[in-house]
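Listing of start_33.cif, mmCIF, C-alpha atoms
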```
data_run
loop_
_atom_site.label_atom_id
_atom_site.label_comp_id
_atom_site.auth_asym_id
_atom_site.auth_seq_id
_atom_site.Cartn_x
_atom_site.Cartn_y
_atom_site.Cartn_z
CA MET I 223 16.38 10.10 -15.09
CA PRO I 224 13.34 12.11 -16.21
CA GLU I 225 11.68 13.67 -13.17
CA LEU I 226 8.13 14.92 -12.61
CA PRO I 227 8.36 17.95 -14.94
CA GLU I 228 9.70 15.86 -17.82
CA VAL I 229 6.95 13.26 -17.38
CA GLU I 230 4.28 15.97 -17.18
CA VAL I 231 5.68 17.64 -20.30
CA THR I 232 5.50 14.25 -22.00
CA ARG I 233 1.92 13.68 -20.85
CA ARG I 234 0.79 17.07 -22.12
CA GLY I 235 2.47 16.42 -25.44
CA VAL I 236 0.98 12.94 -25.82
CA ALA I 237 -2.56 13.72 -24.68
CA PRO I 238 -3.93 15.52 -27.78
CA HIS I 239 -2.73 12.71 -30.03
CA ILE I 240 -4.15 9.71 -28.17
CA GLU I 241 -7.02 10.81 -25.92
CA GLY I 242 -10.39 9.88 -27.38
CA ARG I 243 -8.79 7.68 -30.02
CA THR I 244 -9.00 3.96 -30.62
CA VAL I 245 -6.00 1.66 -30.51
CA HIS I 246 -5.36 0.07 -33.88
CA ASP I 247 -2.30 -1.96 -32.95
CA VAL I 248 0.41 -2.54 -30.37
CA VAL I 249 3.95 -3.37 -31.50
CA LEU I 250 6.50 -4.89 -29.10
CA ARG I 251 10.05 -5.36 -30.42
CA ARG I 252 11.47 -7.25 -27.46
CA ASP I 253 10.20 -9.24 -24.48
CA GLY I 254 10.31 -6.32 -22.09
CA LEU I 255 12.35 -3.52 -20.57
CA ARG I 256 13.00 -3.34 -16.83
CA TRP I 257 10.18 -5.85 -16.45
CA PRO I 258 8.56 -8.10 -19.08
CA PHE I 259 5.86 -6.57 -21.25
CA PRO I 260 2.34 -7.63 -20.22
CA ALA I 261 1.16 -10.87 -21.77
CA GLN I 262 -1.32 -10.43 -24.61
CA LEU I 263 -0.99 -6.62 -24.52
CA ARG I 264 -2.03 -6.29 -28.14
CA GLN I 265 -5.18 -8.30 -27.53
CA LEU I 266 -5.93 -6.24 -24.40
CA LEU I 267 -5.73 -2.89 -26.19
CA ALA I 268 -6.60 -3.39 -29.88
CA GLY I 269 -9.96 -1.80 -30.60
CA ARG I 270 -10.12 -0.08 -27.20
CA LEU I 271 -10.65 3.65 -26.62
CA VAL I 272 -8.08 5.79 -24.84
CA VAL I 273 -10.24 7.59 -22.29
CA ARG I 274 -7.65 10.00 -20.90
CA THR I 275 -4.04 10.37 -19.82
CA GLY I 276 -2.72 11.00 -16.32
CA ARG I 277 0.42 11.02 -14.23
CA ARG I 278 1.33 9.70 -10.79
CA GLY I 279 4.77 10.87 -9.71
CA LYS I 280 7.10 9.84 -12.51
CA TYR I 281 4.64 7.34 -14.01
CA LEU I 282 2.67 8.23 -17.14
CA LEU I 283 -0.83 6.74 -17.10
CA VAL I 284 -2.93 5.94 -20.17
CA HIS I 285 -6.46 5.17 -19.00
CA PHE I 286 -8.80 2.82 -20.85
CA GLU I 287 -12.32 1.82 -19.83
CA HIS I 288 -11.06 -1.55 -18.56
CA GLY I 289 -7.67 -0.64 -17.08
CA THR I 290 -4.59 1.54 -17.26
CA LEU I 291 -1.33 1.38 -19.17
CA ILE I 292 1.53 2.42 -16.84
CA ILE I 293 4.61 3.83 -18.57
CA HIS I 294 7.90 4.73 -16.89
CA LEU I 295 10.65 6.39 -18.92
CA GLY I 296 13.47 4.91 -16.85
CA MET I 297 16.86 6.61 -17.15
CA SER I 298 16.96 7.27 -20.88
CA GLY I 299 13.48 6.75 -22.29
CA HIS I 300 11.25 9.16 -24.16
CA LEU I 301 8.06 9.05 -26.22
CA ARG I 302 7.49 10.47 -29.69
CA VAL I 303 4.33 10.89 -31.74
CA LEU I 304 5.07 9.86 -35.34
CA ALA I 305 3.30 9.31 -38.61
CA PRO I 306 2.82 5.65 -39.55
CA GLY I 307 5.42 4.04 -41.79
CA ILE I 308 8.50 5.55 -40.12
CA GLU I 309 10.97 2.73 -39.64
CA PRO I 310 11.94 2.00 -36.01
CA GLU I 311 15.48 2.62 -34.87
CA LYS I 312 17.63 0.32 -32.76
CA HIS I 313 16.21 1.26 -29.36
CA ASP I 314 12.57 1.78 -30.36
CA HIS I 315 10.92 -0.96 -28.32
CA PHE I 316 7.20 -0.15 -28.10
CA ASP I 317 4.54 1.37 -30.40
CA LEU I 318 0.96 2.25 -29.58
CA VAL I 319 -0.82 2.84 -32.90
CA VAL I 320 -4.06 4.84 -32.66
CA GLU I 321 -6.81 5.79 -35.12
CA GLY I 322 -8.06 9.37 -35.18
CA PRO I 323 -9.95 11.85 -37.39
CA GLN I 324 -6.77 12.60 -39.33
CA GLY I 325 -5.78 8.94 -39.65
CA ARG I 326 -3.32 6.82 -37.72
CA GLN I 327 -0.56 8.03 -35.45
CA VAL I 328 2.16 6.12 -33.63
CA LEU I 329 3.19 6.71 -30.03
CA ARG I 330 6.70 5.24 -29.98
CA MET I 331 8.93 4.61 -26.97
CA LYS I 332 12.70 4.71 -27.28
CA ASP I 333 14.73 3.45 -24.31
CA PRO I 334 18.45 2.81 -24.99
CA ARG I 335 19.26 1.66 -21.44
CA ARG I 336 16.05 -0.35 -21.05
CA PHE I 337 15.33 0.79 -17.47
CA GLY I 338 11.87 1.97 -18.45
CA ALA I 339 8.64 0.02 -18.21
CA VAL I 340 5.35 -0.60 -19.97
CA LEU I 341 2.90 -2.34 -17.62
CA TRP I 342 -0.83 -3.01 -17.45
CA HIS I 343 -3.22 -2.65 -14.54
CA ASP I 344 -6.56 -4.38 -15.03
CA ASP I 345 -9.50 -2.77 -13.26
CA ALA I 346 -10.53 -6.25 -12.15
CA ASP I 347 -7.36 -6.37 -10.01
CA GLY I 348 -8.55 -3.52 -7.78
CA LEU I 349 -8.01 0.20 -7.52
CA LEU I 350 -5.12 1.65 -9.49
CA GLU I 351 -3.70 3.40 -6.42
CA HIS I 352 -3.14 -0.03 -4.89
CA HIS I 353 -0.79 -1.08 -7.70
CA VAL I 354 2.56 -2.20 -6.28
CA LEU I 355 4.41 0.69 -7.97
CA LEU I 356 1.96 3.38 -6.85
CA ARG I 357 0.65 2.44 -3.43
CA GLU I 358 3.60 3.79 -1.42
CA LEU I 359 3.83 7.12 -3.23
CA GLY I 360 3.35 10.37 -1.34
CA VAL I 361 1.15 13.31 -2.26
CA GLU I 362 1.48 15.14 -5.57
CA PRO I 363 3.43 18.39 -5.05
CA LEU I 364 1.28 20.36 -7.51
CA GLU I 365 -2.03 19.34 -5.94
CA THR I 366 -3.88 20.79 -2.95
CA GLY I 367 -2.87 18.05 -0.51
CA PHE I 368 0.75 19.25 -0.47
CA SER I 369 1.81 21.87 2.07
CA GLY I 370 4.55 22.92 4.43
CA LYS I 371 2.50 21.59 7.32
CA LEU I 372 2.40 18.16 5.68
CA LEU I 373 6.20 18.19 5.39
CA TYR I 374 6.54 19.37 8.97
CA ASP I 375 4.09 16.83 10.42
CA GLN I 376 5.61 13.90 8.52
CA THR I 377 9.22 14.64 9.45
CA ARG I 378 9.10 14.96 13.24
CA GLN I 379 10.78 11.55 13.59
CA ARG I 380 13.00 11.81 10.52
CA SER I 381 16.67 12.34 11.35
CA ALA I 382 17.81 11.82 7.74
CA PRO I 383 18.97 14.88 5.77
CA VAL I 384 16.06 16.80 4.33
CA LYS I 385 17.14 16.23 0.74
CA GLN I 386 17.12 12.47 1.26
CA VAL I 387 13.64 12.70 2.74
CA LEU I 388 12.41 14.58 -0.33
CA LEU I 389 13.91 11.98 -2.65
CA ALA I 390 12.35 9.08 -0.74
CA GLY I 391 8.97 9.87 -2.30
CA ASP I 392 6.79 8.59 0.55
CA ILE I 393 5.81 12.07 1.78
CA VAL I 394 5.84 14.00 -1.48
CA VAL I 395 6.27 12.30 -4.84
CA GLY I 396 8.23 13.30 -7.93
CA VAL I 397 10.75 15.72 -6.39
CA GLY I 398 13.87 14.13 -7.83
CA ASN I 399 17.52 15.05 -7.51
CA ILE I 400 17.55 18.11 -9.75
CA TYR I 401 14.45 19.78 -8.39
CA ALA I 402 15.18 18.92 -4.76
CA SER I 403 18.53 20.73 -5.03
CA GLU I 404 16.96 23.73 -6.72
CA SER I 405 14.01 23.91 -4.30
CA LEU I 406 16.23 23.73 -1.23
CA PHE I 407 18.35 26.55 -2.62
CA ARG I 408 15.31 28.74 -3.25
CA ALA I 409 14.05 28.03 0.27
CA GLY I 410 17.49 28.75 1.78
CA ILE I 411 17.76 25.33 3.46
CA ASN I 412 21.01 23.37 3.67
CA PRO I 413 20.40 19.90 2.14
CA LYS I 414 22.34 18.27 5.00
CA THR I 415 19.94 19.55 7.68
CA PRO I 416 18.14 16.73 9.53
CA ALA I 417 14.51 16.85 8.43
CA LYS I 418 13.15 16.89 11.98
CA ARG I 419 15.09 20.06 12.83
CA ILE I 420 13.39 22.23 10.22
CA SER I 421 10.65 24.53 11.50
CA LEU I 422 7.11 24.80 10.17
CA ALA I 423 7.84 28.25 8.76
CA ARG I 424 10.83 26.97 6.81
CA TYR I 425 8.84 23.98 5.54
CA GLU I 426 6.14 26.37 4.31
CA LYS I 427 8.83 28.19 2.39
CA LEU I 428 10.18 24.89 1.02
CA ALA I 429 6.75 23.70 -0.09
CA GLN I 430 6.22 26.95 -1.96
CA ALA I 431 9.66 26.66 -3.56
CA ILE I 432 8.92 23.10 -4.71
CA ARG I 433 5.64 24.18 -6.29
CA GLU I 434 7.29 27.11 -8.04
CA ILE I 435 10.33 25.20 -9.28
CA LEU I 436 8.28 22.32 -10.69
CA ALA I 437 5.79 24.65 -12.37
CA GLU I 438 8.59 26.71 -13.93
CA ALA I 439 10.33 23.56 -15.17
CA ILE I 440 7.13 22.33 -16.82
CA VAL I 441 6.65 25.65 -18.60
CA GLN I 442 10.24 25.47 -19.90
CA GLY I 443 9.84 21.91 -21.17
CA GLY I 444 11.72 20.22 -18.33
CA SER I 445 15.47 19.65 -18.17
CA THR I 446 17.58 18.07 -20.89
CA LEU I 447 20.92 16.95 -19.46
CA ARG I 448 21.54 13.81 -21.54
CA ASP I 449 18.69 11.89 -23.10
CA PHE I 450 15.39 13.66 -22.46
CA ILE I 451 13.47 15.21 -25.35
CA SER I 452 9.78 16.03 -25.50
CA VAL I 453 7.16 14.34 -27.69
CA ASN I 454 7.86 16.75 -30.55
CA GLY I 455 11.61 16.10 -30.38
CA GLN I 456 12.56 19.34 -28.65
CA SER I 457 14.89 19.65 -25.68
CA GLY I 458 13.89 21.18 -22.37
CA TYR I 459 15.42 24.49 -21.29
CA PHE I 460 15.10 24.59 -17.51
CA GLN I 461 18.74 23.56 -17.07
CA GLN I 462 19.73 26.99 -18.38
CA THR I 463 18.25 28.57 -15.24
CA TYR I 464 19.74 26.27 -12.58
CA PHE I 465 21.05 28.08 -9.52
CA VAL I 466 23.02 25.18 -8.02
CA TYR I 467 22.43 21.84 -9.75
CA ASP I 468 25.42 20.72 -11.84
CA ARG I 469 27.24 24.01 -11.09
CA ALA I 470 29.97 22.77 -8.74
CA GLY I 471 32.71 25.37 -8.37
CA VAL I 472 30.77 27.99 -10.29
CA PRO I 473 29.97 31.25 -8.45
CA CYS I 474 26.55 31.29 -6.81
CA ARG I 475 24.16 33.49 -8.80
CA VAL I 476 23.17 35.25 -5.55
CA CYS I 477 26.30 35.63 -3.40
CA ALA I 478 29.14 34.58 -5.77
CA ALA I 479 30.50 31.90 -3.39
CA PRO I 480 31.51 28.69 -5.19
CA VAL I 481 28.69 26.16 -5.40
CA ARG I 482 29.59 23.01 -3.49
CA GLN I 483 29.02 19.39 -4.50
CA ILE I 484 28.67 16.49 -2.07
CA LYS I 485 27.39 12.93 -2.22
CA GLN I 486 24.19 11.97 -0.42
CA GLY I 487 22.94 8.43 -0.83
CA GLN I 488 24.95 7.83 -4.02
CA ARG I 489 23.52 11.02 -5.59
CA SER I 490 25.24 14.34 -6.16
CA THR I 491 23.93 17.28 -4.17
CA PHE I 492 24.71 20.90 -5.07
CA TYR I 493 24.26 23.82 -2.69
CA CYS I 494 25.57 27.21 -1.57
CA VAL I 495 27.03 27.25 1.92
CA ASN I 496 26.29 30.97 2.27
CA CYS I 497 22.71 31.05 0.98
CA GLN I 498 21.55 27.76 2.51
CA LYS I 499 21.62 27.44 6.29
#
```

In C-alpha coordinates, write the structure found in this file.
Amino acid sequence: MPELPEVEVTRRGVAPHIEGRTVHDVVLRRDGLRWPFPAQLRQLLAGRLVVRTGRRGKYLLVHFEHGTLIIHLGMSGHLRVLAPGIEPEKHDHFDLVVEGPQGRQVLRMKDPRRFGAVLWHDDADGLLEHHVLLRELGVEPLETGFSGKLLYDQTRQRSAPVKQVLLAGDIVVGVGNIYASESLFRAGINPKTPAKRISLARYEKLAQAIREILAEAIVQGGSTLRDFISVNGQSGYFQQTYFVYDRAGVPCRVCAAPVRQIKQGQRSTFYCVNCQK
(Lines of atoms letter the chains of each structure in order from A and count residues from 1; the text may use other names and numbers.)
(Lines give C-alpha, C1' and ligand atoms only; values in the text may rest on other atoms or scores of the structure.)
Protein backbone atom coordinates (compact mmCIF):
# COMPACT_ATOMS: atom_id res chain seq x y z
CA MET A 1 0.00 0.00 0.00
CA PRO A 2 1.36 3.47 -0.81
CA GLU A 3 2.48 5.16 2.40
CA LEU A 4 2.96 8.83 3.29
CA PRO A 5 6.02 9.42 1.06
CA GLU A 6 4.31 7.92 -1.99
CA VAL A 7 1.19 10.04 -1.43
CA GLU A 8 3.28 13.18 -0.93
CA VAL A 9 5.26 12.41 -4.09
CA THR A 10 1.94 12.04 -5.90
CA ARG A 11 0.62 15.32 -4.48
CA ARG A 12 3.73 17.21 -5.55
CA GLY A 13 3.50 15.72 -9.01
CA VAL A 14 -0.20 16.50 -9.40
CA ALA A 15 -0.19 20.01 -7.95
CA PRO A 16 1.34 21.98 -10.87
CA HIS A 17 -1.12 20.42 -13.31
CA ILE A 18 -4.37 21.04 -11.46
CA GLU A 19 -3.93 23.87 -8.95
CA GLY A 20 -5.52 27.09 -10.18
CA ARG A 21 -7.29 25.30 -13.01
CA THR A 22 -10.96 24.79 -13.72
CA VAL A 23 -12.59 21.38 -13.93
CA HIS A 24 -13.94 20.72 -17.40
CA ASP A 25 -15.32 17.25 -16.77
CA VAL A 26 -15.38 14.26 -14.43
CA VAL A 27 -15.44 10.73 -15.87
CA LEU A 28 -16.44 7.74 -13.73
CA ARG A 29 -16.14 4.30 -15.33
CA ARG A 30 -17.75 2.28 -12.56
CA ASP A 31 -20.02 2.86 -9.57
CA GLY A 32 -17.18 3.15 -7.09
CA LEU A 33 -14.05 1.61 -5.63
CA ARG A 34 -13.81 0.69 -1.96
CA TRP A 35 -16.86 2.90 -1.45
CA PRO A 36 -19.35 4.24 -4.02
CA PHE A 37 -18.36 7.37 -5.92
CA PRO A 38 -20.15 10.50 -4.66
CA ALA A 39 -23.53 11.11 -6.22
CA GLN A 40 -23.56 13.86 -8.85
CA LEU A 41 -19.77 14.31 -8.65
CA ARG A 42 -19.59 15.69 -12.17
CA GLN A 43 -22.22 18.31 -11.38
CA LEU A 44 -20.42 19.20 -8.13
CA LEU A 45 -17.07 19.84 -9.81
CA ALA A 46 -17.67 20.89 -13.44
CA GLY A 47 -16.78 24.56 -13.84
CA ARG A 48 -15.20 24.78 -10.38
CA LEU A 49 -11.68 26.01 -9.62
CA VAL A 50 -9.09 23.79 -7.97
CA VAL A 51 -7.82 26.05 -5.19
CA ARG A 52 -4.95 23.91 -3.92
CA THR A 53 -3.87 20.37 -3.12
CA GLY A 54 -3.04 18.92 0.29
CA ARG A 55 -2.42 15.68 2.13
CA ARG A 56 -3.59 14.24 5.43
CA GLY A 57 -1.75 11.04 6.28
CA LYS A 58 -2.22 8.78 3.28
CA TYR A 59 -5.15 10.79 1.88
CA LEU A 60 -4.63 13.16 -1.05
CA LEU A 61 -6.81 16.27 -0.78
CA VAL A 62 -7.97 18.40 -3.71
CA HIS A 63 -9.47 21.59 -2.30
CA PHE A 64 -12.22 23.55 -4.04
CA GLU A 65 -13.94 26.70 -2.79
CA HIS A 66 -17.00 24.67 -1.75
CA GLY A 67 -15.44 21.43 -0.50
CA THR A 68 -12.67 18.88 -0.84
CA LEU A 69 -12.11 15.83 -3.00
CA ILE A 70 -10.55 13.06 -0.86
CA ILE A 71 -8.50 10.49 -2.78
CA HIS A 72 -6.98 7.33 -1.33
CA LEU A 73 -4.74 5.15 -3.51
CA GLY A 74 -5.64 1.92 -1.72
CA MET A 75 -3.28 -1.01 -2.22
CA SER A 76 -2.54 -0.66 -5.91
CA GLY A 77 -3.74 2.74 -7.07
CA HIS A 78 -1.81 5.56 -8.68
CA LEU A 79 -2.53 8.83 -10.48
CA ARG A 80 -1.20 9.96 -13.84
CA VAL A 81 -1.40 13.30 -15.63
CA LEU A 82 -2.18 12.68 -19.30
CA ALA A 83 -3.03 14.56 -22.45
CA PRO A 84 -6.69 14.35 -23.48
CA GLY A 85 -7.68 11.68 -25.97
CA ILE A 86 -5.60 8.84 -24.50
CA GLU A 87 -7.86 5.81 -24.30
CA PRO A 88 -8.45 4.42 -20.80
CA GLU A 89 -7.12 1.00 -19.91
CA LYS A 90 -8.97 -1.74 -18.05
CA HIS A 91 -8.41 -0.45 -14.52
CA ASP A 92 -8.63 3.29 -15.22
CA HIS A 93 -11.69 4.17 -13.16
CA PHE A 94 -11.67 7.95 -12.62
CA ASP A 95 -10.69 11.04 -14.65
CA LEU A 96 -10.59 14.65 -13.53
CA VAL A 97 -10.31 16.78 -16.67
CA VAL A 98 -9.04 20.33 -16.11
CA GLU A 99 -8.63 23.40 -18.31
CA GLY A 100 -5.38 25.37 -18.15
CA PRO A 101 -3.31 27.90 -20.11
CA GLN A 102 -1.88 25.11 -22.26
CA GLY A 103 -5.24 23.43 -22.79
CA ARG A 104 -6.84 20.44 -21.14
CA GLN A 105 -5.13 17.80 -19.04
CA VAL A 106 -6.47 14.61 -17.51
CA LEU A 107 -5.76 13.42 -13.98
CA ARG A 108 -6.47 9.69 -14.26
CA MET A 109 -6.69 7.13 -11.45
CA LYS A 110 -5.80 3.50 -12.05
CA ASP A 111 -6.67 1.02 -9.30
CA PRO A 112 -6.52 -2.68 -10.29
CA ARG A 113 -7.54 -4.01 -6.86
CA ARG A 114 -10.18 -1.31 -6.29
CA PHE A 115 -9.28 -0.68 -2.63
CA GLY A 116 -8.82 3.02 -3.29
CA ALA A 117 -11.40 5.75 -2.87
CA VAL A 118 -12.65 8.98 -4.39
CA LEU A 119 -14.90 10.81 -1.92
CA TRP A 120 -16.34 14.30 -1.49
CA HIS A 121 -16.54 16.47 1.62
CA ASP A 122 -18.91 19.41 1.32
CA ASP A 123 -17.97 22.46 3.37
CA ALA A 124 -21.61 22.66 4.43
CA ASP A 125 -21.12 19.37 6.31
CA GLY A 126 -18.62 20.92 8.73
CA LEU A 127 -14.87 21.13 9.08
CA LEU A 128 -12.82 18.78 6.94
CA GLU A 129 -10.87 17.49 9.95
CA HIS A 130 -14.14 16.11 11.31
CA HIS A 131 -14.63 13.85 8.30
CA VAL A 132 -15.06 10.23 9.41
CA LEU A 133 -11.81 9.16 7.69
CA LEU A 134 -9.71 12.01 9.09
CA ARG A 135 -10.96 12.80 12.56
CA GLU A 136 -9.07 10.03 14.39
CA LEU A 137 -5.74 10.64 12.68
CA GLY A 138 -2.69 11.62 14.72
CA VAL A 139 -0.25 14.44 14.08
CA GLU A 140 1.66 14.77 10.82
CA PRO A 141 5.24 13.49 11.31
CA LEU A 142 6.77 16.19 9.09
CA GLU A 143 5.06 19.08 10.88
CA THR A 144 6.03 20.94 14.05
CA GLY A 145 3.52 19.18 16.31
CA PHE A 146 5.44 15.90 16.10
CA SER A 147 8.18 15.19 18.65
CA GLY A 148 9.72 12.53 20.82
CA LYS A 149 7.94 14.02 23.82
CA LEU A 150 4.60 13.55 22.07
CA LEU A 151 5.41 9.88 21.48
CA TYR A 152 6.57 9.49 25.07
CA ASP A 153 3.55 11.23 26.61
CA GLN A 154 1.04 9.32 24.50
CA THR A 155 2.49 5.87 25.16
CA ARG A 156 2.71 5.73 28.97
CA GLN A 157 -0.28 3.36 29.06
CA ARG A 158 0.49 1.51 25.83
CA SER A 159 1.74 -2.03 26.40
CA ALA A 160 1.54 -2.95 22.70
CA PRO A 161 4.81 -3.29 20.76
CA VAL A 162 6.12 0.07 19.62
CA LYS A 163 5.85 -0.81 15.93
CA GLN A 164 2.16 -1.60 16.31
CA VAL A 165 1.63 1.72 18.07
CA LEU A 166 3.28 3.56 15.18
CA LEU A 167 1.09 1.75 12.66
CA ALA A 168 -2.11 2.53 14.57
CA GLY A 169 -2.00 6.12 13.31
CA ASP A 170 -3.76 7.74 16.27
CA ILE A 171 -0.58 9.31 17.70
CA VAL A 172 1.38 9.95 14.52
CA VAL A 173 -0.13 9.45 11.08
CA GLY A 174 1.31 8.00 7.88
CA VAL A 175 4.16 5.91 9.31
CA GLY A 176 3.28 2.66 7.58
CA ASN A 177 4.93 -0.73 7.64
CA ILE A 178 7.97 0.05 5.52
CA TYR A 179 8.94 3.31 7.17
CA ALA A 180 8.18 2.11 10.70
CA SER A 181 10.65 -0.76 10.24
CA GLU A 182 13.30 1.52 8.78
CA SER A 183 12.81 4.24 11.43
CA LEU A 184 13.03 1.78 14.31
CA PHE A 185 16.26 0.40 12.86
CA ARG A 186 17.79 3.86 12.55
CA ALA A 187 16.76 4.66 16.13
CA GLY A 188 18.15 1.32 17.39
CA ILE A 189 14.83 0.23 18.92
CA ASN A 190 13.58 -3.37 18.81
CA PRO A 191 10.09 -3.36 17.20
CA LYS A 192 8.84 -5.81 19.85
CA THR A 193 9.54 -3.44 22.75
CA PRO A 194 6.38 -2.41 24.63
CA ALA A 195 5.76 1.24 23.82
CA LYS A 196 5.45 2.28 27.46
CA ARG A 197 8.94 0.96 28.28
CA ILE A 198 10.76 3.28 25.89
CA SER A 199 12.43 6.32 27.46
CA LEU A 200 11.98 9.94 26.42
CA ALA A 201 15.53 10.05 25.08
CA ARG A 202 14.94 7.03 22.86
CA TYR A 203 11.63 8.47 21.64
CA GLU A 204 13.42 11.69 20.71
CA LYS A 205 15.80 9.60 18.65
CA LEU A 206 12.88 7.72 17.06
CA ALA A 207 11.03 10.92 16.18
CA GLN A 208 14.13 12.26 14.47
CA ALA A 209 14.59 8.98 12.60
CA ILE A 210 10.97 9.07 11.39
CA ARG A 211 11.38 12.62 10.10
CA GLU A 212 14.63 11.75 8.34
CA ILE A 213 13.41 8.51 6.80
CA LEU A 214 10.20 10.03 5.45
CA ALA A 215 11.99 13.08 4.06
CA GLU A 216 14.61 10.90 2.36
CA ALA A 217 11.92 8.66 0.88
CA ILE A 218 10.08 11.66 -0.57
CA VAL A 219 13.26 12.96 -2.19
CA GLN A 220 13.85 9.54 -3.76
CA GLY A 221 10.31 9.30 -5.13
CA GLY A 222 9.00 6.88 -2.51
CA SER A 223 9.21 3.09 -2.66
CA THR A 224 8.16 0.94 -5.58
CA LEU A 225 7.72 -2.66 -4.47
CA ARG A 226 4.82 -3.73 -6.69
CA ASP A 227 2.38 -1.21 -8.09
CA PHE A 228 3.42 2.31 -7.14
CA ILE A 229 4.59 4.74 -9.81
CA SER A 230 4.63 8.52 -9.65
CA VAL A 231 2.49 10.91 -11.68
CA ASN A 232 5.04 10.96 -14.50
CA GLY A 233 5.17 7.16 -14.65
CA GLN A 234 8.51 6.75 -12.88
CA SER A 235 9.23 4.29 -10.09
CA GLY A 236 10.46 5.31 -6.67
CA TYR A 237 13.99 4.40 -5.59
CA PHE A 238 13.96 4.42 -1.79
CA GLN A 239 13.69 0.62 -1.68
CA GLN A 240 17.28 0.46 -2.93
CA THR A 241 18.46 1.97 0.37
CA TYR A 242 16.46 -0.18 2.82
CA PHE A 243 18.45 -1.34 5.83
CA VAL A 244 15.99 -3.98 7.07
CA TYR A 245 12.63 -3.95 5.27
CA ASP A 246 12.19 -6.92 2.91
CA ARG A 247 15.78 -8.08 3.63
CA ALA A 248 15.08 -11.19 5.72
CA GLY A 249 18.18 -13.37 5.97
CA VAL A 250 20.38 -10.77 4.31
CA PRO A 251 23.37 -9.48 6.32
CA CYS A 252 22.67 -6.27 8.22
CA ARG A 253 24.36 -3.33 6.50
CA VAL A 254 25.82 -2.27 9.87
CA CYS A 255 26.80 -5.44 11.79
CA ALA A 256 26.40 -8.22 9.17
CA ALA A 257 24.02 -10.29 11.34
CA PRO A 258 21.12 -11.79 9.35
CA VAL A 259 18.07 -9.53 9.27
CA ARG A 260 15.14 -11.21 10.99
CA GLN A 261 11.50 -11.31 9.90
CA ILE A 262 8.54 -11.77 12.25
CA LYS A 263 4.80 -11.23 12.07
CA GLN A 264 3.17 -8.46 14.07
CA GLY A 265 -0.55 -7.93 13.64
CA GLN A 266 -0.66 -9.74 10.28
CA ARG A 267 2.19 -7.57 8.94
CA SER A 268 5.81 -8.52 8.36
CA THR A 269 8.38 -6.80 10.55
CA PHE A 270 12.09 -6.75 9.73
CA TYR A 271 14.82 -5.91 12.23
CA CYS A 272 18.37 -6.59 13.37
CA VAL A 273 18.65 -8.30 16.73
CA ASN A 274 22.13 -6.84 17.28
CA CYS A 275 21.49 -3.23 16.27
CA GLN A 276 18.01 -2.90 17.77
CA LYS A 277 17.64 -3.35 21.52

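Nearest to Asp392 of chain I of all the residues I:Val231, I:Leu359, I:Ala470, I:Ala423 is I:Leu359, counting all atoms listed in the file.
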
_Residues returned when the PyMOL selection byres ((chain I and resi 265) around 12) runs on this file, as a count of residues only_ = 15

*Might you pull out every residue within 6 Å of segment 238-242 of chain I, with all atoms listed in the file counted and same-chain residues fewer than 2 positions away left off, and present them as a list of chain:residue names?*
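Close residues of segment 238-242 of chain I: I:Val236, I:Val272, I:Val273, I:Arg274.
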
*Between I:Glu321, I:Arg424, I:Arg419, I:Val384, single out the one closest to Lys371 of chain I, counting all atoms listed in the file.*
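Checking each of I:Glu321, I:Arg424, I:Arg419, I:Val384 against Lys371 of chain I, counting all atoms listed in the file, the winner is I:Arg424.
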
*Looking at all atoms listed in the file, which of I:Gly276, I:Gly348, I:Gly443, I:Pro416 is the one that sits closest to Tyr374 of chain I?*
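Checking each of I:Gly276, I:Gly348, I:Gly443, I:Pro416 against Tyr374 of chain I, counting all atoms listed in the file, the winner is I:Pro416.
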
*I need the residue set behind the PyMOL selection byres ((chain I and resi 498) around 7) for this file; please write it as number ranges by chain.*
I: 407, 410-412, 494-497, 499
